[in-house]
$ cat query_0.pdb   # PDB, C-alpha atoms
ATOM      1  CA  ASP A  15      82.048  89.102 165.579
ATOM      2  CA  TRP A  16      82.105  87.993 169.222
ATOM      3  CA  MET A  17      82.480  84.299 168.376
ATOM      4  CA  ILE A  18      85.470  84.910 166.103
ATOM      5  CA  THR A  19      87.259  87.069 168.672
ATOM      6  CA  THR A  20      86.633  84.507 171.435
ATOM      7  CA  ILE A  21      88.001  81.613 169.354
ATOM      8  CA  THR A  22      90.947  83.710 168.181
ATOM      9  CA  ASN A  23      91.839  84.784 171.719
ATOM     10  CA  ALA A  24      91.740  81.164 172.914
ATOM     11  CA  ASN A  25      94.023  80.018 170.095
ATOM     12  CA  ILE A  26      96.463  82.902 170.593
ATOM     13  CA  ILE A  27      96.850  81.723 174.189
ATOM     14  CA  ARG A  28      97.406  78.151 172.990
ATOM     15  CA  TYR A  29     100.112  79.363 170.590
ATOM     16  CA  LEU A  30     101.859  81.522 173.195
ATOM     17  CA  SER A  31     101.711  78.626 175.682
ATOM     18  CA  GLY A  32     103.875  76.516 173.389
ATOM     19  CA  LEU A  33     101.157  74.052 172.366
ATOM     20  CA  GLU A  34     101.400  72.412 168.952
ATOM     21  CA  ASN A  35      97.673  72.100 168.284
ATOM     22  CA  TRP A  36      96.451  75.656 167.751
ATOM     23  CA  GLY A  37      94.298  77.350 165.129
ATOM     24  CA  PHE A  38      92.827  73.944 164.194
ATOM     25  CA  ASN A  39      96.049  73.504 162.171
ATOM     26  CA  GLU A  40      94.387  75.582 159.469
ATOM     27  CA  VAL A  41      95.990  79.043 159.817
ATOM     28  CA  SER A  42      99.477  80.437 160.209
ATOM     29  CA  TYR A  43     100.475  82.553 163.190
ATOM     30  CA  LEU A  44     100.442  85.690 161.019
ATOM     31  CA  GLU A  45      96.856  84.940 159.993
ATOM     32  CA  LEU A  46      95.940  84.286 163.611
ATOM     33  CA  ALA A  47      97.575  87.565 164.672
ATOM     34  CA  ALA A  48      95.563  89.415 162.013
ATOM     35  CA  LEU A  49      92.345  87.955 163.417
ATOM     36  CA  TYR A  50      93.493  88.899 166.924
ATOM     37  CA  ARG A  51      93.274  92.569 165.934
ATOM     38  CA  MET A  52      89.504  92.141 166.024
ATOM     39  CA  HIS A  53      89.783  91.166 169.682
ATOM     40  CA  ILE A  54      91.872  94.290 170.351
ATOM     41  CA  GLN A  55      89.167  96.452 168.769
ATOM     42  CA  VAL A  56      86.471  94.812 170.879
ATOM     43  CA  MET A  57      88.536  95.477 174.006
ATOM     44  CA  ALA A  58      88.922  99.107 172.948
ATOM     45  CA  PHE A  59      85.158  99.518 172.677
ATOM     46  CA  GLY A  60      84.702  98.094 176.170
ATOM     47  CA  SER A  61      87.349 100.365 177.684
ATOM     48  CA  ASN A  62      85.847 103.665 176.547
ATOM     49  CA  TYR A  63      86.356 106.752 178.701
ATOM     50  CA  TYR A  64      83.176 106.365 180.752
ATOM     51  CA  ASN A  65      83.788 102.695 181.544
ATOM     52  CA  SER A  66      87.390 103.565 182.361
ATOM     53  CA  GLN A  67      86.317 106.200 184.869
ATOM     54  CA  LYS A  68      83.870 103.799 186.461
ATOM     55  CA  TYR A  69      86.141 100.768 186.680
ATOM     56  CA  GLY A  70      89.645 102.266 186.539
ATOM     57  CA  SER A  71      89.466 105.113 189.073
ATOM     58  CA  GLN A  72      90.204 102.835 192.039
ATOM     59  CA  THR A  73      93.415 101.501 190.474
ATOM     60  CA  LEU A  74      94.682 104.870 189.244
ATOM     61  CA  GLY A  75      93.839 106.497 192.573
ATOM     62  CA  TYR A  76      95.711 103.766 194.417
ATOM     63  CA  ILE A  77      98.805 104.330 192.263
ATOM     64  CA  LEU A  78      98.704 108.037 193.082
ATOM     65  CA  ALA A  79      98.264 107.319 196.796
ATOM     66  CA  VAL A  80     101.326 105.050 196.857
ATOM     67  CA  MET A  81     103.402 107.818 195.268
ATOM     68  CA  GLU A  82     101.954 110.471 197.592
ATOM     69  CA  GLN A  83     103.067 108.441 200.593
ATOM     70  CA  ILE A  84     106.628 108.448 199.290
ATOM     71  CA  VAL A  85     106.682 112.113 198.297
ATOM     72  CA  THR A  86     105.167 113.369 201.568
ATOM     73  CA  ASN A  87     106.614 110.624 203.800
ATOM     74  CA  SER A  88     103.215 110.266 205.442
ATOM     75  CA  LYS A  89     100.674 107.450 205.791
ATOM     76  CA  ILE A  90      97.775 107.579 203.337
ATOM     77  CA  GLN A  91      94.594 105.823 204.401
ATOM     78  CA  GLY A  92      93.733 103.179 201.835
ATOM     79  CA  VAL A  93      97.333 102.083 201.242
ATOM     80  CA  PRO A  94      98.190  99.055 203.413
ATOM     81  CA  LYS A  95     101.930  99.654 203.689
ATOM     82  CA  ALA A  96     103.592 102.558 205.463
ATOM     83  CA  ALA A  97     105.514 105.228 203.548
ATOM     84  CA  ASP A  98     108.811 103.937 202.162
ATOM     85  CA  ASP A  99     111.115 105.632 199.659
ATOM     86  CA  LYS A 100     112.417 102.244 198.461
ATOM     87  CA  ALA A 101     109.208 100.742 197.183
ATOM     88  CA  PHE A 102     108.194  98.159 194.637
ATOM     89  CA  THR A 103     104.456  97.697 194.217
ATOM     90  CA  LEU A 104     103.031  94.942 192.048
ATOM     91  CA  LEU A 105      99.370  94.841 191.043
ATOM     92  CA  PHE A 106      97.942  91.909 189.092
ATOM     93  CA  ASN A 107      95.030  92.893 186.865
ATOM     94  CA  HIS A 108      93.103  91.850 183.793
ATOM     95  CA  ASP A 109      94.079  93.288 180.420
ATOM     96  CA  THR A 110      91.003  95.511 180.656
ATOM     97  CA  ASN A 111      92.466  97.250 183.714
ATOM     98  CA  ALA A 112      95.556  98.263 181.745
ATOM     99  CA  LEU A 113      93.286  99.605 179.009
ATOM    100  CA  TYR A 114      91.310 101.634 181.565
ATOM    101  CA  LEU A 115      94.555 103.308 182.679
ATOM    102  CA  LYS A 116      95.508 103.868 179.041
ATOM    103  CA  GLN A 117      92.224 105.678 178.467
ATOM    104  CA  LEU A 118      92.325 107.756 181.653
ATOM    105  CA  LEU A 119      95.890 108.975 181.046
ATOM    106  CA  ASP A 120      95.510 109.251 177.239
ATOM    107  CA  LEU A 121      98.321 106.807 176.482
ATOM    108  CA  ASP A 122      99.366 104.891 173.376
ATOM    109  CA  TRP A 123     101.952 102.125 173.109
ATOM    110  CA  LEU A 124     103.438  99.825 170.520
ATOM    111  CA  VAL A 125     105.660  96.866 171.390
ATOM    112  CA  GLU A 126     107.375  94.386 169.094
ATOM    113  CA  THR A 127     105.104  92.111 167.013
ATOM    114  CA  PHE A 128     101.910  93.156 168.838
ATOM    115  CA  ALA A 129      99.312  95.506 167.394
ATOM    116  CA  LEU A 130      98.985  99.115 168.560
ATOM    117  CA  ASN A 131      97.647  99.429 172.117
ATOM    118  CA  SER A 132      97.444  95.690 172.630
ATOM    119  CA  ALA A 133      97.217  94.783 176.337
ATOM    120  CA  SER A 134      99.182  91.642 175.638
ATOM    121  CA  THR A 135      99.761  88.512 177.633
ATOM    122  CA  ALA A 136     102.906  88.685 179.790
ATOM    123  CA  GLY A 137     102.753  92.481 179.623
ATOM    124  CA  ALA A 138     103.027  95.187 182.254
ATOM    125  CA  LEU A 139     102.336  98.905 182.514
ATOM    126  CA  VAL A 140     105.113 100.331 184.683
ATOM    127  CA  PHE A 141     104.960 103.581 186.651
ATOM    128  CA  GLU A 142     108.300 104.968 187.882
ATOM    129  CA  LEU A 143     108.779 107.678 190.489
ATOM    130  CA  TYR A 144     112.013 109.651 190.192
ATOM    131  CA  LYS A 145     113.706 112.123 192.520
ATOM    132  CA  ASP A 146     116.455 114.418 191.241
ATOM    133  CA  ASP A 147     119.330 115.986 193.147
ATOM    134  CA  LYS A 148     117.188 119.068 193.833
ATOM    135  CA  GLY A 149     114.557 117.000 195.599
ATOM    136  CA  ASP A 150     111.977 117.342 192.800
ATOM    137  CA  TYR A 151     109.850 114.340 191.870
ATOM    138  CA  TYR A 152     108.895 113.096 188.396
ATOM    139  CA  VAL A 153     106.762 110.266 187.029
ATOM    140  CA  GLY A 154     107.761 108.099 184.080
ATOM    141  CA  LEU A 155     105.787 105.331 182.378
ATOM    142  CA  TYR A 156     106.532 102.494 180.021
ATOM    143  CA  TYR A 157     104.790  99.394 178.724
ATOM    144  CA  ALA A 158     106.807  96.173 178.580
ATOM    145  CA  ALA A 159     105.813  92.823 177.103
ATOM    146  CA  ALA A 160     107.527  89.574 176.275
ATOM    147  CA  THR A 161     107.451  88.959 172.531
ATOM    148  CA  PRO A 162     105.327  86.089 171.177
ATOM    149  CA  GLU A 163     108.498  84.087 170.520
ATOM    150  CA  GLN A 164     109.764  84.662 174.080
ATOM    151  CA  GLN A 165     106.412  83.541 175.448
ATOM    152  CA  ARG A 166     106.049  80.491 173.212
ATOM    153  CA  LEU A 167     109.573  79.291 173.997
ATOM    154  CA  ASN A 168     109.248  80.280 177.687
ATOM    155  CA  GLN A 169     112.497  82.239 177.450
ATOM    156  CA  SER A 170     114.000  83.969 180.456
ATOM    157  CA  LEU A 171     113.797  87.770 180.302
ATOM    158  CA  THR A 172     117.187  89.210 181.123
ATOM    159  CA  LEU A 173     119.095  92.428 180.538
ATOM    160  CA  GLU A 174     120.731  90.666 177.593
ATOM    161  CA  SER A 175     117.405  89.342 176.270
ATOM    162  CA  PRO A 176     114.867  91.933 177.438
ATOM    163  CA  PRO A 177     111.161  92.213 176.731
ATOM    164  CA  SER A 178     109.968  94.734 174.183
ATOM    165  CA  LYS A 179     109.472  98.144 175.775
ATOM    166  CA  SER A 180     107.592 101.310 174.817
ATOM    167  CA  HIS A 181     108.245 104.528 176.767
ATOM    168  CA  LEU A 182     105.055 106.550 177.125
ATOM    169  CA  ILE A 183     104.053 110.203 177.246
ATOM    170  CA  ILE A 184     101.095 111.388 179.293
ATOM    171  CA  ARG A 185      99.609 113.785 176.763
ATOM    172  CA  PRO A 186      98.119 116.270 179.272
ATOM    173  CA  CYS A 187     101.631 116.594 180.710
ATOM    174  CA  SER A 188     103.390 116.592 177.294
ATOM    175  CA  SER A 189     106.558 115.104 178.738
ATOM    176  CA  GLN A 190     108.115 111.678 179.118
ATOM    177  CA  HIS A 191     109.108 112.725 182.641
ATOM    178  CA  CYS A 192     106.022 114.362 184.108
ATOM    179  CA  PRO A 193     106.521 116.543 187.222
ATOM    180  CA  TYR A 194     104.812 114.782 190.097
ATOM    181  CA  SER A 195     102.681 117.800 190.989
ATOM    182  CA  GLU A 196     101.321 117.848 187.420
ATOM    183  CA  PHE A 197     100.766 114.086 187.395
ATOM    184  CA  LYS A 198      98.894 114.424 190.689
ATOM    185  CA  ARG A 199      96.661 117.145 189.276
ATOM    186  CA  ILE A 200      95.941 115.120 186.107
ATOM    187  CA  VAL A 201      94.936 112.050 188.117
ATOM    188  CA  LEU A 202      92.745 113.939 190.588
ATOM    189  CA  ASP A 203      91.007 115.780 187.747
ATOM    190  CA  THR A 204      90.398 112.506 185.895
ATOM    191  CA  ILE A 205      89.246 109.910 188.434
ATOM    192  CA  GLU A 206      85.635 109.570 189.543
ATOM    193  CA  PHE A 207      85.570 109.657 193.356
ATOM    194  CA  LYS A 208      82.105 108.141 193.690
ATOM    195  CA  CYS A 209      83.371 105.010 191.907
ATOM    196  CA  MET A 210      86.024 104.407 194.573
ATOM    197  CA  GLU A 211      85.956 102.622 197.904
ATOM    198  CA  GLU A 212      86.691 104.058 201.318
ATOM    199  CA  PRO A 213      89.058 104.874 202.902
ATOM    200  CA  LEU A 214      90.999 105.575 199.704
ATOM    201  CA  ARG A 215      88.200 107.754 198.346
ATOM    202  CA  GLY A 216      88.321 110.014 201.406
ATOM    203  CA  SER A 217      92.121 110.325 201.239
ATOM    204  CA  LEU A 218      92.081 111.346 197.577
ATOM    205  CA  SER A 219      89.140 113.703 198.098
ATOM    206  CA  GLN A 220      91.200 115.545 200.716
ATOM    207  CA  MET A 221      94.140 115.723 198.298
ATOM    208  CA  TYR A 222      91.836 117.162 195.635
ATOM    209  CA  GLN A 223      90.442 119.775 198.029
ATOM    210  CA  SER A 224      93.972 120.797 198.991
ATOM    211  CA  LEU A 225      94.782 121.408 195.336
ATOM    212  CA  GLN A 226      91.757 123.678 195.017
ATOM    213  CA  HIS A 227      93.108 125.909 197.774
ATOM    214  CA  GLY A 228      96.537 126.433 196.305
ATOM    215  CA  ASP A 229      98.804 125.318 193.494
ATOM    216  CA  ASP A 230     101.859 123.232 194.114
ATOM    217  CA  ASP A 231     105.257 124.764 193.364
ATOM    218  CA  ASP A 232     106.084 124.769 189.680
ATOM    219  CA  GLU A 233     108.429 122.066 188.534
ATOM    220  CA  ASN A 234     110.381 121.622 185.336
ATOM    221  CA  CYS A 235     111.978 118.693 183.554
ATOM    222  CA  ASP A 236     115.614 119.797 183.883
ATOM    223  CA  ASN A 237     118.203 117.340 185.164
ATOM    224  CA  VAL A 238     115.877 114.367 184.828
ATOM    225  CA  ALA A 239     118.797 112.445 183.329
ATOM    226  CA  THR A 240     120.539 112.589 186.734
ATOM    227  CA  SER A 241     117.482 111.668 188.762
ATOM    228  CA  TRP A 242     117.138 108.612 190.966
ATOM    229  CA  ARG A 243     114.442 106.070 190.375
ATOM    230  CA  ILE A 244     113.053 105.435 193.824
ATOM    231  CA  ALA A 245     109.816 103.560 193.228
ATOM    232  CA  LEU A 246     108.201 101.238 190.752
ATOM    233  CA  ILE A 247     104.529 100.431 190.364
ATOM    234  CA  VAL A 248     103.916  97.590 187.952
ATOM    235  CA  ILE A 249     100.472  96.874 186.538
ATOM    236  CA  ALA A 250     100.828  93.357 185.194
ATOM    237  CA  SER A 251      98.227  92.452 182.600
ATOM    238  CA  ILE A 252      98.285  88.686 182.393
ATOM    239  CA  THR A 253      95.574  86.731 180.598
ATOM    240  CA  GLY A 254      95.678  83.112 181.741
ATOM    241  CA  LEU A 255      97.800  83.654 184.853
ATOM    242  CA  LEU A 256      98.645  79.980 185.317
ATOM    243  CA  LEU A 257      99.823  79.640 181.731
ATOM    244  CA  PHE A 258     102.077  82.682 181.844
ATOM    245  CA  GLY A 259     103.306  82.491 185.428
ATOM    246  CA  GLY A 260     106.872  81.679 184.371
ATOM    247  CA  ILE A 261     107.096  84.524 181.852
ATOM    248  CA  SER A 262     105.524  86.893 184.383
ATOM    249  CA  PHE A 263     108.152  85.926 186.933
ATOM    250  CA  PHE A 264     110.952  86.667 184.488
ATOM    251  CA  LEU A 265     109.314  89.966 183.487
ATOM    252  CA  GLY A 266     109.130  91.018 187.134
ATOM    253  CA  ARG A 267     112.705  89.955 187.779
ATOM    254  CA  TYR A 268     113.881  91.865 184.702
ATOM    255  CA  ILE A 269     112.159  95.048 185.921
ATOM    256  CA  VAL A 270     113.635  94.642 189.410
ATOM    257  CA  ARG A 271     117.124  94.174 188.000
ATOM    258  CA  GLN A 272     116.674  97.408 186.071
ATOM    259  CA  MET A 273     115.625  99.091 189.298
ATOM    260  CA  HIS A 274     118.946  98.042 190.800
ATOM    261  CA  GLY A 275     120.726 100.078 188.134
ATOM    262  CA  ARG A 276     122.193  97.166 186.209
ATOM    263  CA  GLU A 277     120.837  98.193 182.825
ATOM    264  CA  GLY A 278     123.691  98.875 180.451
ATOM    265  CA  GLY A 279     123.987 102.085 178.452
ATOM    266  CA  GLY A 280     121.701 104.134 180.672
ATOM    267  CA  SER A 281     122.519 107.758 181.488
ATOM    268  CA  SER A 282     120.761 107.850 184.863
ATOM    269  CA  ASP A 283     122.497 107.351 188.175
ATOM    270  CA  TYR A 284     119.960 105.152 189.871
ATOM    271  CA  ARG A 285     119.849 104.730 193.617
ATOM    272  CA  GLN A 286     119.884 101.072 194.593
ATOM    273  CA  ALA A 287     116.462 100.183 195.899
ATOM    274  CA  ALA A 288     115.455  97.305 198.162
ATOM    275  CA  LEU A 289     112.192  95.494 197.807
ATOM    276  CA  ASN A 290     110.933  96.472 201.226
ATOM    277  CA  SER A 291     107.357  97.111 200.212
ATOM    278  CA  VAL A 292     105.497  94.721 197.970
ATOM    279  CA  ASP A 293     101.744  95.146 197.695
ATOM    280  CA  GLU A 294      99.838  92.601 195.671
ATOM    281  CA  GLU A 295      96.253  92.913 194.548
ATOM    282  CA  SER A 296      94.989  89.907 192.624
ATOM    283  CA  SER A 297      91.882  89.535 190.564
ATOM    284  CA  SER A 298      90.806  86.055 189.505
ATOM    285  CA  MET A 299      91.214  85.256 185.824
TER     286      MET A 299
END
$ encode --input "query_0.pdb" --output "structure tokens"
Amino acid sequence: DWMITTITNANIIRYLSGLENWGFNEVSYLELAALYRMHIQVMAFGSNYYNSQKYGSQTLGYILAVMEQIVTNSKIQGVPKAADDKAFTLLFNHDTNALYLKQLLDLDWLVETFALNSASTAGALVFELYKDDKGDYYVGLYYAAATPEQQRLNQSLTLESPPSKSHLIIRPCSSQHCPYSEFKRIVLDTIEFKCMEEPLRGSLSQMYQSLQHGDDDDENCDNVATSWRIALIVIASITGLLLFGGISFFLGRYIVRQMHGREGGGSSDYRQAALNSVDEESSSM
């Protein structure tokens, strides 16, 4: 029921914001979370494949264009910043935008205390571009979200107290580290060009035509453990931006600190990256 999901969503935000008066003081958080699953189902209906193509192609195409600039070291029309192999790109979107990308790339995620495929508050879908010592590029994805307790208590997200994280597999690629050429093909075969704006649409159309005239060199997933993470694209899904600004800041800082190779226990030798390129696209909440 639309009314139930609307009321539940509003009270979930009140709870996560640290307010005492939530749920009319009639339900526990666990009961509220159970009702919130109805909202997640409603969001899933609205982010079906056809809606995702219509409304998500621009965002997914932009992500590909940012990576293409880095891989080819050439300017792509439709991307404001010049090519830079030390890039951090941050896009602010609604939760629906994250669900569009989930649908287009056939993703699933599960983070601590949230339901399956919940585009949670203070959450982010993170795209990573890697380069190994052979010069081959790979794409990795994960979904990160502050837990309800971290959000309610406005806790700092640090390497010692990180957000919950779910590493993702792009099913058409069947690998956690997808070769960039394969990721490029998947995106160009998936997006709907007529639902995109110029000049980005023209740039991606040319990329698609180039693929039709010849396949990229085959790549494999060997030696990914020794690859360098050279770029991050973060799709931050934040419902009630003003309420969750502090948590969002800590989530971004946590991701950046990881990018600097300070995460303990990792097997990758990450190249230190500077935040020389920050693109922000905001949509009003």
$ resolve_selection --input "query_0.pdb" --expression "the PyMOL selection byres ((chain A and resi 18) around 12)" --output "PDB file with C-alpha atoms, in the frame of the given file"
ATOM      1  CA  ASP A  15      82.048  89.102 165.579  1.00  0.00           C
ATOM      2  CA  TRP A  16      82.105  87.993 169.222  1.00  0.00           C
ATOM      3  CA  MET A  17      82.480  84.299 168.376  1.00  0.00           C
ATOM      4  CA  THR A  19      87.259  87.069 168.672  1.00  0.00           C
ATOM      5  CA  THR A  20      86.633  84.507 171.435  1.00  0.00           C
ATOM      6  CA  ILE A  21      88.001  81.613 169.354  1.00  0.00           C
ATOM      7  CA  THR A  22      90.947  83.710 168.181  1.00  0.00           C
ATOM      8  CA  ASN A  23      91.839  84.784 171.719  1.00  0.00           C
ATOM      9  CA  ALA A  24      91.740  81.164 172.914  1.00  0.00           C
ATOM     10  CA  ASN A  25      94.023  80.018 170.095  1.00  0.00           C
ATOM     11  CA  GLY A  37      94.298  77.350 165.129  1.00  0.00           C
ATOM     12  CA  LEU A  46      95.940  84.286 163.611  1.00  0.00           C
ATOM     13  CA  ALA A  48      95.563  89.415 162.013  1.00  0.00           C
ATOM     14  CA  LEU A  49      92.345  87.955 163.417  1.00  0.00           C
ATOM     15  CA  TYR A  50      93.493  88.899 166.924  1.00  0.00           C
ATOM     16  CA  ARG A  51      93.274  92.569 165.934  1.00  0.00           C
ATOM     17  CA  MET A  52      89.504  92.141 166.024  1.00  0.00           C
ATOM     18  CA  HIS A  53      89.783  91.166 169.682  1.00  0.00           C
ATOM     19  CA  VAL A  56      86.471  94.812 170.879  1.00  0.00           C
TER      20      VAL A  56
END
$ closest_residue --input "query_0.pdb" --among "A:Gln67, A:Gln190, A:Ser219, A:Asn168" --to "A:Gln117" --atoms "only C-alpha atoms"
A:Gln67
$ resolve_selection --input "query_0.pdb" --expression "the PyMOL selection byres ((chain A and resi 126) around 10)" --output "list of chain:residue names"
A:Leu124, A:Val125, A:Thr127, A:Phe128, A:Ala129, A:Leu130, A:Ala158, A:Ala159, A:Ala160, A:Thr161, A:Pro162, A:Pro177, A:Ser178, A:Lys179, A:Ser180
$ atom_distance --input "query_0.pdb" --atom1 "atom CA of A:Thr135" --atom2 "atom CA of A:Ser170"
15.2 Å
$ residues_around --input "query_0.pdb" --residues "stretch 68-70 of chain A" --least-positions-apart "3" --cutoff "7 Å" --atoms "all atoms listed in the file" --output "PyMOL selection string"
chain A and resi 64-65+73-74+111+114-115+206+209
$ atom_distance --input "query_0.pdb" --atom1 "atom CA of A:Met221" --atom2 "atom CA of A:Gly75"
10.9 Å
$ closest_residue --input "query_0.pdb" --among "A:Phe59, A:Tyr76, A:Trp123, A:Phe141" --to "A:Ile90" --atoms "only C-alpha atoms"
A:Tyr76
$ resolve_selection --input "query_0.pdb" --expression "the PyMOL selection byres ((chain A and resi 203) around 12)" --output "PyMOL selection string"
chain A and resi 67+71+74-75+118-119+186+196-202+204-207+218-219+221-223+225-226
$ closest_residue --input "query_0.pdb" --among "A:Met57, A:Val93, A:Met210, A:Ile26" --to "A:Ala79" --atoms "only C-alpha atoms"
A:Val93
$ closest_residue --input "query_0.pdb" --among "A:Ile84, A:Leu155, A:Gln165, A:Leu171" --to "A:His191" --atoms "only C-alpha atoms"
A:Leu155
$ atom_distance --input "query_0.pdb" --atom1 "atom CA of A:Ile77" --atom2 "atom CA of A:Val153"
11.2 Å
$ closest_residue --input "query_0.pdb" --among "A:His108, A:Gly32, A:Tyr157, A:Leu182" --to "A:Leu121" --atoms "only C-alpha atoms"
A:Leu182
$ closest_residue --input "query_0.pdb" --among "A:Lys116, A:Tyr144, A:Lys95, A:Ala138" --to "A:Arg185" --atoms "all atoms listed in the file"
A:Lys116
$ build_atoms --input "query_0.pdb" --residues "stretch 23-42 of chain A" --atoms "N, CA, C and O atoms" --output "compact mmCIF listing (two decimals), in the frame of the given file"
# COMPACT_ATOMS: atom_id res chain seq x y z
N ASN A 23 91.15 84.54 170.46
CA ASN A 23 91.84 84.78 171.72
C ASN A 23 92.28 83.47 172.36
O ASN A 23 93.40 83.35 172.87
N ALA A 24 91.40 82.46 172.33
CA ALA A 24 91.74 81.16 172.91
C ALA A 24 92.91 80.52 172.18
O ALA A 24 93.81 79.93 172.80
N ASN A 25 92.95 80.65 170.87
CA ASN A 25 94.02 80.02 170.10
C ASN A 25 95.32 80.80 170.17
O ASN A 25 96.40 80.21 170.07
N ILE A 26 95.24 82.12 170.35
CA ILE A 26 96.46 82.90 170.59
C ILE A 26 97.12 82.42 171.88
O ILE A 26 98.35 82.25 171.97
N ILE A 27 96.31 82.20 172.91
CA ILE A 27 96.85 81.72 174.19
C ILE A 27 97.47 80.34 174.02
O ILE A 27 98.53 80.04 174.59
N ARG A 28 96.83 79.48 173.24
CA ARG A 28 97.41 78.15 172.99
C ARG A 28 98.75 78.27 172.28
O ARG A 28 99.72 77.57 172.63
N TYR A 29 98.85 79.17 171.30
CA TYR A 29 100.11 79.36 170.59
C TYR A 29 101.20 79.88 171.54
O TYR A 29 102.32 79.35 171.56
N LEU A 30 100.87 80.92 172.31
CA LEU A 30 101.86 81.52 173.20
C LEU A 30 102.26 80.58 174.33
O LEU A 30 103.33 80.74 174.92
N SER A 31 101.41 79.59 174.63
CA SER A 31 101.71 78.63 175.68
C SER A 31 102.63 77.51 175.20
O SER A 31 103.01 76.64 175.99
N GLY A 32 102.96 77.52 173.91
CA GLY A 32 103.88 76.52 173.39
C GLY A 32 103.20 75.24 172.92
O GLY A 32 103.89 74.25 172.63
N LEU A 33 101.87 75.24 172.82
CA LEU A 33 101.16 74.05 172.37
C LEU A 33 101.27 73.90 170.85
O LEU A 33 101.36 74.89 170.11
N GLU A 34 101.27 72.68 170.39
CA GLU A 34 101.40 72.41 168.95
C GLU A 34 100.06 72.51 168.24
O GLU A 34 99.98 72.93 167.09
N ASN A 35 98.99 72.10 168.91
CA ASN A 35 97.67 72.10 168.28
C ASN A 35 96.98 73.43 168.55
O ASN A 35 96.35 73.64 169.58
N TRP A 36 97.09 74.35 167.62
CA TRP A 36 96.45 75.66 167.75
C TRP A 36 95.92 76.07 166.38
O TRP A 36 96.42 75.65 165.34
N GLY A 37 94.89 76.88 166.38
CA GLY A 37 94.30 77.35 165.13
C GLY A 37 93.74 76.24 164.28
O GLY A 37 93.63 76.40 163.05
N PHE A 38 93.39 75.10 164.92
CA PHE A 38 92.83 73.94 164.19
C PHE A 38 93.76 73.47 163.08
O PHE A 38 93.34 72.80 162.14
N ASN A 39 95.05 73.86 163.19
CA ASN A 39 96.05 73.50 162.17
C ASN A 39 95.65 73.98 160.77
O ASN A 39 96.02 73.37 159.76
N GLU A 40 94.90 75.08 160.75
CA GLU A 40 94.39 75.58 159.47
C GLU A 40 94.94 76.96 159.11
O GLU A 40 94.83 77.38 157.96
N VAL A 41 95.51 77.68 160.07
CA VAL A 41 95.99 79.04 159.82
C VAL A 41 97.42 79.18 160.33
O VAL A 41 97.85 78.46 161.24
N SER A 42 98.14 80.11 159.73
CA SER A 42 99.48 80.44 160.21
C SER A 42 99.38 81.40 161.39
O SER A 42 98.31 81.97 161.65
